[in-house]
Structures are given as C-alpha cells and as structure tokens.
Amino acid sequence: MKKYYYVDKERKLILSPYEKFIKSVKRCLNTELFSGIFLIAKEVFKPNNSATIKYPMEKMKLDNRYRAVHRLQRFIESENERCIGCGLCEKICISNCIRMETKLGDDGRKLVSNYSINLGRCIYCGFCAEVCPELAIVHGVEYENAAEQRSYFAHKKDILTPIDNLINQVEFEGAGSLRADADDFVKATPNYYEISISTNNEEVKNA
Ligand code: SF4
Ligand code: SF4
C-alpha cells in the first residue's frame with residue numbers, strides 16, 4: 001500500500017480573510033522591501049552612472065574585432081597597395097556586393113584599377129576579410145554609413161589608406177588583419193632550421 005507523508009506539518013493554513021490581510025500587511029512592511037528601494041535609489045542618484053551614450057556628442061568605443069566599413073590596406077614600408085587583385089573576396093562574398101577591375105601595369109604586374117563594395121547590400125559577415133591572402137581588406141571601426149539610397153558604394157579611393165595617412169594605419173585592427181602577437185604563431189619550416197644552423201656555424205667559424 002502506498003504511504004503518504006506530511007512534509008510541512010507546522011504550516012498553518014490561512015483560513016479567514018482577516019488573517020490574509022494581516023499577512024499581506026506584514027509582507028509589505030518587511031525590511032527587504034525598503035532595502036530594495038534604497039539600493040535602486042542609490043544607483044539612480046549616483047553621479048555619472050548612466051549607461052546611455054549621448055550620441056552623436058559621445059561615441060561608443062568599439063572593439064578592434066568589430067566589423068564595420070571595410071578598409072583597403074597598404075604596405076607601410078613600400079606604400080604599395082596590398083591587394084593583388086586575386087578576386088577571392090569578390091568570389092566569396094555571399095551578398096555579391098564586391099566588384100573589381102584589374103589591368104596590367106607597365107611592369108607587367110596586375111593592378112587593381114577599380115574596387116567597390118555596395119554597402120547597401122553588405123551584411124558585414126567578414127568573409128572577404130577572412131579569405132584575403134594578403135590581409136589587404138579588413139574591417140575598420142567606421143560604423144556611421146547611413147545612406148539615402150539602397151545602392152551605396154564605397155569606392156577604392158574611399159577605403160584605401162591615403163599615403164599621407166599611412167603612419168596611422170593600424171596593422172592589428174579589425175577582422176581579418178594581423179594580431180599584435182602574430183609573429184608568435186608563425187611555425188618555423190625545415191628550411192628555416194637549415195638557414196639558422198648554417199648561420200650559427202658561420203658565426204662559430206668567424207669567432
Ligand atoms: S563583409 Fe560579407 S557581405 Fe560584406 S563585402 Fe565582405 S563578404 Fe561581402
Ligand atoms: S582577396 Fe584580398 S588580395 Fe584578393 S582581390 Fe580581395 S582584397 Fe585583393
């Protein structure tokens with residue numbers, strides 16, 4: 001036969017409306033209520049405690065991995081454009097919003113004559129930056145790109161780092177670009193060992 005147990009023998013059932021009223025009043029006047037109100041008031045009146053940003057006077061500090069409007073990078077040493085016109089970004093773009101034109105330069109090398117991104121179609125997925133073998137296209141932190149038209153293009157001249165501003169080009173900012181500690185992740189190849197061993201031997205001989 002199944003056995004039943006009373007789990008709360010002491011609990012007194014409220015029977016009358018008067019008892020219910022008294023219990024409600026006691027709960028309302030509980031000190032926990034006032035401690036909660038005090039805590040909220042303390043946060044409300046604390047100076048400079050607002051989480052709201054007064055845009056556009058104030059702007060949010062974005063993380064370096066934020067995926068905003070793209071940038072085309074240059075080499076700092078030679079000032080040349082990094083993009084080699086391989087077209088991988090154009091092919092991988094799932095919104096089909098990258099267009100580029102290439103031509104042969106005077107030295108016989110491929111030149112990117114035009115490059116545009118339709119920012120009205122771009123979903124900022126970051127695939128183009130991830131696939132770029134030259135780290136030429138990265139996402140910057142410029143997010144104010146509202147436009148009046150659905151077709152809104154960023155052309156090469158808009159997103160390519162200007163030569164006179166090259167000093168400010170950040171190498172490890174944005175998706176798809178180099179991290180500050182990128183060198184630590186480079187794996188030494190067998191060729192590297194041979195070179196370092198022969199270099200050490202030469203140094204020993206010279207000494
Ligand atoms: S972020 Fe995505 S959608 Fe935008 S251009 Fe790059 S690949 Fe295309
Ligand atoms: S993937 Fe990089 S190098 Fe290739 S075309 Fe695009 S931006 Fe240029």
# chains A, B, ... in the order shown; residues from 1 in each chain; ligands from 1
>>> residues_near_ligand(ligand="ligand 1", cutoff="8 Å", atoms="only C-alpha atoms and all ligand atoms", output="PyMOL selection string")
chain A and resi 67+70+89-90+92-98+117-119+121-129+139
>>> residues_around(residues="Ser113 of chain A", least_positions_apart="3", cutoff="7 Å", atoms="only C-alpha atoms", output="NGL selection string")
:A and (101-103)
>>> residues_near_ligand(ligand="ligand 2", cutoff="7 Å", atoms="only C-alpha atoms and all ligand atoms", output="PyMOL selection string")
chain A and resi 82-90+128+131-137
>>> select_by_dssp(residues="chain A", states="strand (DSSP E or B)", output="list in words")
His70, Arg71, Leu72, Arg74, Glu81, Ile98, Arg99, Met100, Glu101, Thr102, Lys103, Leu104, Lys110, Leu111, Val112, Ser113, Asn114, Tyr115, Ser116, Ile117, Asn118, Ile137, Val138, His139, Phe153, Ala154, His155 and Leu160 of chain A
>>> residues_around(residues="segment 162-167 of chain A", least_positions_apart="5", cutoff="10 Å", atoms="only C-alpha atoms", output="list in words")
Leu72, Gln73, Arg74, Phe75, Ile76, Glu77, Glu79, Asn80, Glu81 and Lys157 of chain A
>>> select_by_dssp(residues="segment 39-155 of chain A", states="helix (DSSP H, G or I)", output="list in words")
Leu39, Ile40, Ala41, Lys42, Glu43, Val44, Leu88, Cys89, Glu90, Lys91, Ile92, Phe127, Cys128, Ala129, Glu130 and Val131 of chain A
>>> atom_distance(atom1="atom CA of Gln149 of chain A", atom2="atom CA of Thr52 of chain A")
29.3 Å
